[in-house]
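Next comes model10.cif, a file with mmCIF, C-alpha atoms.
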data_target
#
loop_
_atom_site.label_atom_id
_atom_site.label_comp_id
_atom_site.auth_asym_id
_atom_site.auth_seq_id
_atom_site.Cartn_x
_atom_site.Cartn_y
_atom_site.Cartn_z
CA MET A 1 124.39 93.54 129.31
CA ALA A 2 122.03 96.40 130.17
CA GLU A 3 119.22 97.13 127.74
CA ARG A 4 119.94 100.04 125.40
CA THR A 5 117.49 102.94 125.61
CA VAL A 6 116.75 105.73 123.13
CA VAL A 7 114.28 108.53 123.83
CA LEU A 8 112.34 110.14 121.00
CA ALA A 9 110.70 113.56 121.37
CA ALA A 10 108.10 114.82 118.91
CA GLY A 11 105.27 117.28 118.48
CA GLY A 12 101.78 115.89 118.19
CA THR A 13 101.13 116.30 114.46
CA GLY A 14 101.52 113.48 111.96
CA GLY A 15 104.40 115.20 110.18
CA HIS A 16 106.50 114.84 113.34
CA MET A 17 104.98 111.64 114.69
CA PHE A 18 105.09 109.46 111.54
CA PRO A 19 108.90 109.55 111.13
CA ALA A 20 109.34 109.14 114.89
CA ARG A 21 107.19 106.02 114.73
CA ALA A 22 109.19 104.66 111.79
CA LEU A 23 112.44 105.16 113.71
CA ALA A 24 110.89 103.49 116.76
CA GLU A 25 110.00 100.47 114.63
CA ALA A 26 113.58 100.25 113.33
CA LEU A 27 115.10 100.55 116.81
CA VAL A 28 112.72 98.05 118.41
CA ARG A 29 113.62 95.51 115.70
CA ARG A 30 117.23 95.88 116.87
CA GLY A 31 116.32 95.17 120.48
CA VAL A 32 116.54 98.79 121.64
CA ARG A 33 114.16 100.05 124.31
CA VAL A 34 112.32 103.14 123.03
CA ALA A 35 110.45 105.81 124.96
CA LEU A 36 108.49 108.73 123.51
CA ILE A 37 108.15 112.20 125.01
CA THR A 38 105.34 114.37 123.64
CA ASP A 39 102.63 116.69 124.96
CA ALA A 40 98.94 116.22 125.67
CA ARG A 41 98.06 116.55 121.96
CA GLY A 42 100.47 113.84 120.87
CA ALA A 43 98.62 110.62 120.08
CA GLY A 44 101.72 108.49 120.48
CA PHE A 45 102.20 105.37 118.39
CA GLY A 46 99.14 103.49 119.61
CA ASP A 47 99.48 99.73 119.20
CA GLU A 48 101.53 100.00 116.01
CA VAL A 49 104.88 99.81 117.82
CA SER A 50 104.79 97.41 120.75
CA GLY A 51 106.62 98.17 123.95
CA VAL A 52 107.10 101.94 123.48
CA GLU A 53 106.14 103.85 126.60
CA THR A 54 104.77 107.37 126.10
CA PHE A 55 105.44 110.19 128.53
CA ARG A 56 103.64 113.51 128.34
CA ILE A 57 105.07 116.86 129.32
CA VAL A 58 103.80 120.43 129.30
CA ALA A 59 104.73 122.43 126.20
CA GLY A 60 103.53 125.51 124.39
CA SER A 61 104.37 127.81 121.52
CA PRO A 62 106.09 131.05 122.57
CA SER A 63 104.48 133.16 119.89
CA GLY A 64 101.65 135.66 119.60
CA SER A 65 101.06 138.53 122.01
CA LEU A 66 103.42 139.31 124.89
CA ILE A 67 101.10 137.51 127.28
CA GLU A 68 100.88 134.47 125.00
CA ARG A 69 104.66 134.39 124.63
CA ALA A 70 105.14 134.56 128.37
CA ARG A 71 102.70 131.68 128.87
CA GLY A 72 104.43 129.64 126.17
CA LEU A 73 107.85 130.21 127.74
CA ALA A 74 106.51 129.26 131.16
CA LYS A 75 105.14 126.01 129.74
CA LEU A 76 108.44 125.24 128.04
CA ALA A 77 110.33 125.87 131.26
CA ARG A 78 108.01 123.51 133.11
CA GLY A 79 108.40 120.94 130.33
CA TYR A 80 112.17 121.28 130.64
CA MET A 81 112.07 120.33 134.31
CA GLN A 82 109.71 117.43 133.59
CA SER A 83 111.97 116.20 130.78
CA LYS A 84 115.06 116.43 132.95
CA ALA A 85 113.44 114.22 135.59
CA LEU A 86 112.31 111.72 132.93
CA LEU A 87 115.75 111.52 131.34
CA ARG A 88 117.40 110.90 134.69
CA ARG A 89 115.00 108.00 135.25
CA LEU A 90 115.19 106.54 131.74
CA ALA A 91 118.98 106.99 131.36
CA PRO A 92 118.94 106.98 127.53
CA GLU A 93 122.03 106.59 125.37
CA CYS A 94 120.66 109.15 122.92
CA VAL A 95 117.76 111.60 122.64
CA VAL A 96 116.25 112.24 119.20
CA GLY A 97 113.96 115.17 118.41
CA PHE A 98 111.55 115.38 115.47
CA GLY A 99 110.46 118.99 115.74
CA GLY A 100 107.43 120.73 117.14
CA TYR A 101 107.63 122.64 120.41
CA PRO A 102 106.97 119.53 122.56
CA SER A 103 110.38 118.25 121.41
CA ALA A 104 112.26 121.33 122.59
CA PRO A 105 112.23 120.79 126.39
CA ALA A 106 113.49 117.21 126.07
CA LEU A 107 116.33 118.11 123.71
CA MET A 108 117.35 121.11 125.80
CA ALA A 109 117.39 118.96 128.94
CA ALA A 110 119.40 116.24 127.18
CA SER A 111 121.91 118.79 125.90
CA ARG A 112 122.28 120.35 129.34
CA MET A 113 122.83 116.88 130.84
CA GLY A 114 125.55 116.03 128.30
CA LEU A 115 123.56 113.27 126.58
CA PRO A 116 124.12 112.55 122.87
CA THR A 117 121.49 114.40 120.84
CA VAL A 118 120.10 114.23 117.31
CA ILE A 119 117.36 116.26 115.67
CA HIS A 120 115.60 115.20 112.49
CA GLU A 121 114.18 117.76 110.06
CA GLN A 122 111.50 116.41 107.74
CA ASN A 123 111.03 119.53 105.63
CA ALA A 124 113.21 121.42 103.18
CA VAL A 125 113.12 124.38 105.59
CA LEU A 126 114.37 124.00 109.17
CA GLY A 127 111.41 124.26 111.53
CA ARG A 128 111.30 126.84 114.30
CA ALA A 129 111.89 124.44 117.18
CA ASN A 130 114.70 122.67 115.33
CA ARG A 131 116.20 126.03 114.36
CA MET A 132 116.50 126.97 118.00
CA LEU A 133 117.92 123.55 118.91
CA ALA A 134 120.36 123.22 116.01
CA LYS A 135 123.26 124.97 117.73
CA ARG A 136 122.86 122.84 120.85
CA VAL A 137 122.66 119.31 119.41
CA ASP A 138 125.31 116.95 118.07
CA ILE A 139 123.74 115.92 114.76
CA ILE A 140 121.15 117.42 112.40
CA ALA A 141 119.60 114.65 110.30
CA THR A 142 117.73 115.86 107.22
CA ALA A 143 115.26 114.48 104.73
CA HIS A 144 116.52 116.68 101.88
CA GLU A 145 119.90 117.37 100.34
CA GLN A 146 119.38 121.12 100.75
CA VAL A 147 117.65 122.51 103.84
CA SER A 148 117.38 126.24 104.34
CA GLY A 149 117.55 127.85 107.75
CA ILE A 150 120.64 125.99 109.01
CA ALA A 151 123.34 128.39 110.19
CA ALA A 152 126.69 128.14 108.42
CA ALA A 153 128.36 127.30 111.75
CA ASP A 154 126.12 124.20 112.10
CA LEU A 155 126.48 122.77 108.58
CA PHE A 156 129.20 120.35 109.72
CA LYS A 157 126.56 118.57 111.82
CA VAL A 158 124.25 117.83 108.88
CA VAL A 159 123.69 114.24 107.70
CA LYS A 160 121.08 113.40 105.07
CA THR A 161 119.14 110.29 106.08
CA GLY A 162 115.86 110.85 104.24
CA ASN A 163 112.47 110.97 105.93
CA PRO A 164 111.46 107.67 107.59
CA VAL A 165 108.11 106.33 106.39
CA ARG A 166 105.91 103.59 107.77
CA ALA A 167 106.71 99.98 106.95
CA ALA A 168 103.46 99.51 105.02
CA VAL A 169 104.58 102.15 102.51
CA VAL A 170 108.11 100.76 102.24
CA ALA A 171 106.48 97.42 101.34
CA LEU A 172 105.14 99.07 98.15
CA ARG A 173 108.64 99.87 96.95
CA ASP A 174 109.18 96.74 94.89
CA ASP A 175 105.70 96.72 93.35
CA PRO A 176 105.80 98.27 89.87
CA TYR A 177 103.81 101.39 89.10
CA PRO A 178 100.42 100.28 87.64
CA ALA A 179 100.95 102.17 84.41
CA PRO A 180 97.80 103.67 82.88
CA VAL A 181 97.14 102.81 79.26
CA PRO A 182 95.81 105.04 76.43
CA ASP A 183 92.00 105.16 76.53
CA GLY A 184 92.04 103.19 79.79
CA GLU A 185 91.11 104.01 83.37
CA LEU A 186 92.95 106.76 85.26
CA ARG A 187 92.88 106.23 89.04
CA LEU A 188 93.08 109.48 90.99
CA LEU A 189 93.82 109.73 94.73
CA VAL A 190 93.11 113.08 96.40
CA LEU A 191 94.52 113.67 99.89
CA GLY A 192 94.24 116.77 102.03
CA GLY A 193 96.21 115.76 105.09
CA SER A 194 94.78 114.29 108.27
CA GLN A 195 91.91 116.79 108.31
CA GLY A 196 91.32 117.14 104.57
CA ALA A 197 91.64 120.45 102.72
CA ARG A 198 88.80 122.69 101.61
CA ILE A 199 90.59 123.90 98.48
CA LEU A 200 90.83 120.33 97.18
CA SER A 201 87.13 119.75 97.83
CA ASP A 202 86.31 122.97 96.00
CA VAL A 203 88.64 122.69 93.00
CA VAL A 204 89.03 118.99 92.17
CA PRO A 205 85.32 118.18 91.55
CA GLN A 206 84.88 121.36 89.49
CA ALA A 207 87.94 120.45 87.42
CA ILE A 208 86.69 116.93 86.79
CA VAL A 209 83.21 117.99 85.65
CA ARG A 210 84.82 120.31 83.09
CA LEU A 211 86.37 117.33 81.31
CA PRO A 212 84.70 116.02 78.13
CA GLU A 213 82.27 113.27 79.06
CA THR A 214 84.32 110.55 77.34
CA LYS A 215 87.39 111.48 79.36
CA ARG A 216 85.49 112.00 82.60
CA ALA A 217 84.10 108.48 82.26
CA ARG A 218 87.64 107.11 82.40
CA LEU A 219 88.32 108.55 85.86
CA SER A 220 88.04 106.65 89.11
CA VAL A 221 88.41 108.95 92.13
CA VAL A 222 89.25 108.24 95.75
CA GLN A 223 89.12 111.49 97.71
CA GLN A 224 89.61 112.53 101.29
CA CYS A 225 87.26 115.33 102.35
CA ARG A 226 86.45 117.21 105.49
CA GLN A 227 83.18 116.09 107.03
CA GLU A 228 81.47 119.36 106.19
CA ASP A 229 82.56 119.11 102.53
CA LEU A 230 81.34 115.56 101.92
CA PRO A 231 77.72 116.31 100.93
CA GLN A 232 78.71 118.93 98.35
CA VAL A 233 81.44 116.81 96.78
CA ARG A 234 79.24 113.71 96.73
CA GLU A 235 76.42 115.66 95.04
CA ILE A 236 78.69 116.99 92.28
CA TYR A 237 80.18 113.59 91.48
CA ALA A 238 76.76 111.93 91.51
CA ALA A 239 75.31 114.52 89.13
CA TYR A 240 78.07 113.83 86.60
CA ARG A 241 78.29 110.08 87.24
CA VAL A 242 81.90 110.17 88.41
CA ARG A 243 83.01 106.90 89.98
CA CYS A 244 84.25 107.81 93.45
CA VAL A 245 84.97 106.77 97.01
CA LEU A 246 84.75 109.63 99.50
CA GLU A 247 85.92 109.44 103.12
CA THR A 248 87.18 111.77 105.82
CA PHE A 249 90.04 109.39 106.65
CA PHE A 250 91.60 106.34 104.98
CA ALA A 251 92.91 103.77 107.44
CA ASP A 252 94.16 101.75 104.46
CA LEU A 253 96.12 104.60 102.86
CA PRO A 254 99.07 102.43 101.74
CA ASP A 255 96.63 100.27 99.78
CA ARG A 256 95.13 103.37 98.18
CA LEU A 257 98.59 104.60 97.31
CA HIS A 258 99.38 101.26 95.69
CA TRP A 259 96.15 101.50 93.63
CA CYS A 260 96.49 105.01 92.24
CA HIS A 261 97.96 106.37 89.01
CA LEU A 262 98.13 110.00 90.18
CA LEU A 263 97.84 111.89 93.46
CA ILE A 264 96.63 115.38 94.14
CA ALA A 265 97.77 116.34 97.62
CA ARG A 266 99.23 118.86 99.98
CA ALA A 267 103.02 118.89 100.26
CA GLY A 268 103.60 117.90 103.85
CA ALA A 269 106.91 116.17 104.52
CA SER A 270 105.41 112.73 105.16
CA THR A 271 103.24 112.91 102.05
CA VAL A 272 106.21 113.82 99.83
CA ALA A 273 108.36 111.09 101.37
CA GLU A 274 105.70 108.41 101.01
CA ILE A 275 104.84 109.13 97.39
CA SER A 276 108.51 109.12 96.42
CA VAL A 277 109.17 105.84 98.24
CA ALA A 278 106.11 104.31 96.57
CA GLY A 279 107.02 105.86 93.20
CA ARG A 280 103.77 107.66 92.44
CA PRO A 281 103.48 110.91 90.45
CA ALA A 282 101.68 113.80 92.11
CA ILE A 283 100.25 117.26 91.70
CA LEU A 284 101.29 119.00 94.91
CA VAL A 285 99.35 121.99 96.23
CA PRO A 286 101.40 123.53 99.08
CA TYR A 287 99.47 124.97 101.98
CA ALA A 288 99.97 128.71 101.55
CA ALA A 289 99.90 129.48 105.27
CA ALA A 290 102.50 126.85 106.21
CA THR A 291 105.24 128.20 108.46
CA ASP A 292 108.13 129.62 106.41
CA ASP A 293 106.35 128.32 103.29
CA HIS A 294 107.98 124.96 103.97
CA GLN A 295 105.43 122.96 101.97
CA ALA A 296 106.38 124.86 98.81
CA ALA A 297 110.02 123.97 99.46
CA ASN A 298 109.06 120.31 99.86
CA ALA A 299 107.06 120.34 96.63
CA ARG A 300 109.78 122.19 94.76
CA ALA A 301 112.35 119.53 95.68
CA LEU A 302 110.29 116.66 94.26
CA ALA A 303 109.20 118.70 91.24
CA ALA A 304 112.85 119.51 90.46
CA ALA A 305 113.56 115.77 90.39
CA GLY A 306 110.75 115.31 87.86
CA GLY A 307 108.52 113.29 90.20
CA ALA A 308 105.76 115.86 90.73
CA TRP A 309 104.19 119.08 89.55
CA MET A 310 103.62 122.00 91.93
CA MET A 311 100.52 124.19 91.71
CA ARG A 312 100.38 127.12 94.12
CA GLU A 313 97.01 127.82 95.69
CA ASP A 314 96.52 130.98 93.62
CA SER A 315 96.99 129.02 90.39
CA PHE A 316 95.12 125.91 91.54
CA GLN A 317 91.95 126.72 89.65
CA PRO A 318 89.38 124.33 88.11
CA GLU A 319 90.23 125.33 84.55
CA ALA A 320 93.98 124.85 85.02
CA LEU A 321 93.60 121.53 86.81
CA SER A 322 91.10 120.24 84.25
CA ALA A 323 93.54 121.02 81.45
CA ARG A 324 96.27 119.08 83.26
CA LEU A 325 94.04 116.08 83.82
CA GLU A 326 92.97 116.06 80.19
CA PHE A 327 96.62 116.12 79.14
CA TYR A 328 97.47 113.16 81.39
CA LEU A 329 94.50 111.24 80.01
CA ARG A 330 95.83 111.82 76.47
CA GLN A 331 99.47 111.23 77.40
CA PRO A 332 99.68 108.63 80.19
CA SER A 333 103.38 108.16 79.42
CA THR A 334 103.91 111.51 81.19
CA LEU A 335 102.72 109.92 84.42
CA MET A 336 104.92 106.89 83.88
CA ARG A 337 108.04 109.06 83.53
CA ALA A 338 107.15 111.06 86.64
CA ALA A 339 106.54 107.85 88.60
CA ALA A 340 110.00 106.63 87.63
CA ARG A 341 111.60 109.93 88.72
CA ALA A 342 109.77 109.88 92.04
CA HIS A 343 110.88 106.29 92.61
CA GLU A 344 114.50 107.21 91.92
CA VAL A 345 114.65 109.83 94.65
CA GLY A 346 112.69 107.83 97.25
CA LEU A 347 114.71 106.57 100.24
CA PRO A 348 112.98 103.43 101.53
CA ASP A 349 115.77 102.75 104.03
CA ALA A 350 115.56 106.18 105.69
CA ALA A 351 114.42 104.69 109.02
CA ASN A 352 117.38 102.31 109.09
CA ARG A 353 119.77 105.09 108.03
CA LEU A 354 118.52 107.22 110.90
CA ALA A 355 118.68 104.29 113.32
CA ASP A 356 122.30 103.65 112.30
CA LEU A 357 123.13 107.31 112.87
CA VAL A 358 121.42 107.41 116.26
CA LEU A 359 123.14 104.27 117.51
CA ARG A 360 126.54 105.46 116.27
CA GLN A 361 126.00 108.71 118.10
CA ALA A 362 124.93 106.81 121.21
CA ALA A 363 128.07 104.67 121.09
CA GLY A 364 130.32 107.68 120.54
CA GLY A 365 128.66 109.63 123.32
CA ALA A 366 129.59 107.01 125.90
CA ASN A 367 133.23 108.15 125.99
CA GLY A 368 133.17 111.85 125.37
CA GLY A 369 131.32 114.97 124.47
CA GLY A 370 129.93 115.82 121.09
CA ALA A 371 129.44 119.10 119.34
CA GLY A 372 127.19 121.40 121.28
CA ARG A 373 126.96 119.21 124.40
CA GLY A 374 127.51 119.81 128.06
CA GLY A 375 128.82 122.70 130.09
CA ARG A 376 125.97 125.11 129.46
CA SER A 377 124.82 127.46 132.18
CA ALA A 378 121.26 127.88 133.31
CA ALA A 379 121.44 131.43 131.99
CA ALA A 380 122.35 130.14 128.52
CA ARG A 381 119.47 127.70 128.66
CA ASP A 382 117.04 130.47 129.59
CA THR A 383 118.39 132.67 126.81
CA ALA A 384 117.73 129.87 124.31
CA LEU A 385 114.19 129.47 125.61
CA ARG A 386 113.54 133.17 125.20
CA SER A 387 114.94 133.09 121.64
CA MET A 388 112.02 130.86 120.63
CA ALA A 389 109.71 133.82 121.07
CA ALA A 390 111.70 136.03 118.70
#
Transcribe the structure of this file into structure tokens.
Amino acid sequence: MAERTVVLAAGGTGGHMFPARALAEALVRRGVRVALITDARGAGFGDEVSGVETFRIVAGSPSGSLIERARGLAKLARGYMQSKALLRRLAPECVVGFGGYPSAPALMAASRMGLPTVIHEQNAVLGRANRMLAKRVDIIATAHEQVSGIAAADLFKVVKTGNPVRAAVVALRDDPYPAPVPDGELRLLVLGGSQGARILSDVVPQAIVRLPETKRARLSVVQQCRQEDLPQVREIYAAYRVRCVLETFFADLPDRLHWCHLLIARAGASTVAEISVAGRPAILVPYAAATDDHQAANARALAAAGGAWMMREDSFQPEALSARLEFYLRQPSTLMRAAARAHEVGLPDAANRLADLVLRQAAGGANGGGAGRGGRSAAARDTALRSMAA
């Protein structure tokens, strides 16, 4: 029997690439051949998923000035032709997109060729590339129960699978939350995304030094900082004798997640998914400039379940954060309840749920068309490409 092939297409950022990698792991375990299409910025999966071949296409964002839009559309058109040639050669049973403009040419080519198609949306707001693709694909897999930006005519395509997370985080699922005790140590993990976040480097140390000395002495801090922020943060913690580990990147992040009692972090889709799977409470500080304010929607969803607290950037001030930390130090049971709520909503089997969905779609696509597939004219394709600039 011929080897089954699934093609994944994803933008280069971690928010798109992490769930794609988790799906690749799940498919490879089932004996499926997996290929990845991304652009020059996409790092691929490295050595973490063996046997996945990475193909790079041209892609760009059709936004900005008229000239920038025209250049972006030209790149997408070129990426479409490259993707079409790749898909003819790879002959996949299904093509799965994870958002970001590098995913758009591959999904548009797959749709035009009549291949089964799935897009996965990690956020609680449909991303721009996925919004354009939604009407053309067969299935819209989502991480959240409610996702804004999906047209009413496309709601029948929606299937909630959760957001796939890496296997090392799933492995934490059965380990109990290391509950803090009254008057004991409180272990704080501060994450700012892959590049750190200046607001966390500015606010968190100033909040901690405002604590009474007896409470400050109970803190143990592991914090991710941008390289340029490290000296300042290190100096503040040293002056107030705060126990800390400061790095620009943590290769052992699952171990740090296992260790901590409380996170302070941005509200990217992968971060929210991982802390809920691991069952860790968090203070989430959404990035105010995120497209369509999607990080606030992500944070709001976990906060509504009782697993996190959201602090907008304008209210994320040292005094307010210090008061919260002092409260948690006095009432550690609050963290225990939030950890339990986060654990309840976590979906550790999201990668397998998505793999099941993809393979069902692949099997169904062998004998007939799906919603939004086939029969589209080149003019319709070009119209869809132009709509990305709107």
For the file shown, what are the residues hit by the PyMOL selection byres ((chain A and resi 277) around 7), laid out as a PyMOL selection string? chain A and resi 170+173+273-276+278-279+343+346-348
Convert the current residue selection to file output with C-alpha atoms, as a short mmCIF file (atom, residue, chain, number, x, y, z; two decimals), in the frame of the given file.
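Saved result, again_39.cif, follows:
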data_model
loop_
_atom_site.label_atom_id
_atom_site.label_comp_id
_atom_site.auth_asym_id
_atom_site.auth_seq_id
_atom_site.Cartn_x
_atom_site.Cartn_y
_atom_site.Cartn_z
CA VAL A 170 108.11 100.76 102.24
CA ARG A 173 108.64 99.87 96.95
CA ALA A 273 108.36 111.09 101.37
CA GLU A 274 105.70 108.41 101.01
CA ILE A 275 104.84 109.13 97.39
CA SER A 276 108.51 109.12 96.42
CA ALA A 278 106.11 104.31 96.57
CA GLY A 279 107.02 105.86 93.20
CA HIS A 343 110.88 106.29 92.61
CA GLY A 346 112.69 107.83 97.25
CA LEU A 347 114.71 106.57 100.24
CA PRO A 348 112.98 103.43 101.53
#
The PyMOL selection byres ((chain A and resi 102) around 12) - which residues does that actually catch in the file I just gave you? List them as a PDB file with C-alpha atoms, in the coordinates of the input.
ATOM      1  CA  LEU A   8     112.340 110.140 121.000  1.00  0.00           C
ATOM      2  CA  ALA A   9     110.700 113.560 121.370  1.00  0.00           C
ATOM      3  CA  ALA A  10     108.100 114.820 118.910  1.00  0.00           C
ATOM      4  CA  GLY A  11     105.270 117.280 118.480  1.00  0.00           C
ATOM      5  CA  GLY A  12     101.780 115.890 118.190  1.00  0.00           C
ATOM      6  CA  THR A  13     101.130 116.300 114.460  1.00  0.00           C
ATOM      7  CA  HIS A  16     106.500 114.840 113.340  1.00  0.00           C
ATOM      8  CA  MET A  17     104.980 111.640 114.690  1.00  0.00           C
ATOM      9  CA  LEU A  36     108.490 108.730 123.510  1.00  0.00           C
ATOM     10  CA  ILE A  37     108.150 112.200 125.010  1.00  0.00           C
ATOM     11  CA  THR A  38     105.340 114.370 123.640  1.00  0.00           C
ATOM     12  CA  ASP A  39     102.630 116.690 124.960  1.00  0.00           C
ATOM     13  CA  ALA A  40      98.940 116.220 125.670  1.00  0.00           C
ATOM     14  CA  ARG A  41      98.060 116.550 121.960  1.00  0.00           C
ATOM     15  CA  GLY A  42     100.470 113.840 120.870  1.00  0.00           C
ATOM     16  CA  PHE A  55     105.440 110.190 128.530  1.00  0.00           C
ATOM     17  CA  ARG A  56     103.640 113.510 128.340  1.00  0.00           C
ATOM     18  CA  ILE A  57     105.070 116.860 129.320  1.00  0.00           C
ATOM     19  CA  VAL A  58     103.800 120.430 129.300  1.00  0.00           C
ATOM     20  CA  ALA A  59     104.730 122.430 126.200  1.00  0.00           C
ATOM     21  CA  GLY A  60     103.530 125.510 124.390  1.00  0.00           C
ATOM     22  CA  SER A  61     104.370 127.810 121.520  1.00  0.00           C
ATOM     23  CA  PRO A  62     106.090 131.050 122.570  1.00  0.00           C
ATOM     24  CA  GLY A  72     104.430 129.640 126.170  1.00  0.00           C
ATOM     25  CA  LEU A  73     107.850 130.210 127.740  1.00  0.00           C
ATOM     26  CA  LYS A  75     105.140 126.010 129.740  1.00  0.00           C
ATOM     27  CA  LEU A  76     108.440 125.240 128.040  1.00  0.00           C
ATOM     28  CA  ALA A  77     110.330 125.870 131.260  1.00  0.00           C
ATOM     29  CA  ARG A  78     108.010 123.510 133.110  1.00  0.00           C
ATOM     30  CA  GLY A  79     108.400 120.940 130.330  1.00  0.00           C
ATOM     31  CA  TYR A  80     112.170 121.280 130.640  1.00  0.00           C
ATOM     32  CA  GLN A  82     109.710 117.430 133.590  1.00  0.00           C
ATOM     33  CA  SER A  83     111.970 116.200 130.780  1.00  0.00           C
ATOM     34  CA  GLY A  97     113.960 115.170 118.410  1.00  0.00           C
ATOM     35  CA  PHE A  98     111.550 115.380 115.470  1.00  0.00           C
ATOM     36  CA  GLY A  99     110.460 118.990 115.740  1.00  0.00           C
ATOM     37  CA  GLY A 100     107.430 120.730 117.140  1.00  0.00           C
ATOM     38  CA  TYR A 101     107.630 122.640 120.410  1.00  0.00           C
ATOM     39  CA  SER A 103     110.380 118.250 121.410  1.00  0.00           C
ATOM     40  CA  ALA A 104     112.260 121.330 122.590  1.00  0.00           C
ATOM     41  CA  PRO A 105     112.230 120.790 126.390  1.00  0.00           C
ATOM     42  CA  ALA A 106     113.490 117.210 126.070  1.00  0.00           C
ATOM     43  CA  LEU A 107     116.330 118.110 123.710  1.00  0.00           C
ATOM     44  CA  MET A 108     117.350 121.110 125.800  1.00  0.00           C
ATOM     45  CA  ARG A 128     111.300 126.840 114.300  1.00  0.00           C
ATOM     46  CA  ALA A 129     111.890 124.440 117.180  1.00  0.00           C
ATOM     47  CA  ASN A 130     114.700 122.670 115.330  1.00  0.00           C
TER      48      ASN A 130
END
Picked residues, the PyMOL selection byres ((chain A and resi 112-120) around 6), as a ChimeraX atom specification: /A:94-98,109-111,121,137-142,365,373-374
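Distances from A:Arg280, A:Arg360, A:Arg256, A:His294 to Gly268 of chain A were compared using only C-alpha atoms, and the smallest one belongs to A:His294.
Proximity ranking of A:Asp314, A:Asp175, A:Glu228, A:Asp293 relative to Leu126 of chain A places A:Asp293 first, based on all atoms listed in the file.
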Considering only C-alpha atoms, return as an NGL selection string whatever protein or nucleic-acid residues lie within 9 Å of Ala305 of chain A, sequence-local ones (same chain, fewer than 5 positions apart) excluded. :A and (300 or 338 or 341-342 or 344-345)
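Reported to one decimal place, the separation of atom CA of Asp252 of chain A from atom CA of Arg166 of chain A is 12.3 Å.
The nearest approach to Pro180 of chain A among the residues A:Pro92, A:Pro332, A:Gly306, A:Pro212, with all atoms listed in the file taken into account, belongs to A:Pro332.
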So what do you get for atom CA of Ala339 of chain A versus atom CA of Leu263 of chain A, distance-wise? 10.8 Å
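Atom pair atom CA of Glu25 of chain A / atom CA of Gln295 of chain A has a distance of 26.2 Å (rounded to one decimal).
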Distance query Arg266 of chain A at most 9 Å, all atoms listed in the file, self and fewer than 2 positions along chain excluded, as a list in words: Leu191, Gly192, Gly193, Ala197, Leu200, Ile264, Gly268, Thr271, Val272, Ile283, Leu284, Val285, Pro286, Tyr287, Gln295 and Ala299 of chain A
With all atoms listed in the file as the atoms that count, which of A:Pro205, A:Gly364, A:Pro19, A:Pro164 lies nearest to Val221 of chain A? A:Pro205
Let me make sure I understand: among A:Leu246, A:Leu186, A:Leu66, A:Ala265, which one has the smallest atom-to-atom distance to Leu219 of chain A if we use all atoms listed in the file? A:Leu186
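Considering the residues A:Gly14, A:Lys84, A:Glu313, A:Val203 and counting all atoms listed in the file, Ala289 of chain A has its shortest atom-to-atom contact with A:Glu313.
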Excluding Lys160 of chain A and residues on its chain fewer than 2 positions from it, collect all residues at most 8 Å away from it, counting all atoms listed in the file, and give them as a PyMOL selection string. chain A and resi 141-145+158+162
Once 3 Å is added on each side, what centre and edge lengths in Å to one decimal does the axis-aligned box around all listed atoms of segment 88-91 of chain A have, as lines of an AutoDock Vina configuration file?
center_x = 117.0
center_y = 108.7
center_z = 133.3
size_x = 10.0
size_y = 10.4
size_z = 9.9
Hey, what's within 9 Å of Ala26 of chain A if we count all atoms listed in the file and toss same-chain stuff fewer than 6 positions away? As a list in words, please? Val32, Ala351, Asn352, Leu354 and Ala355 of chain A
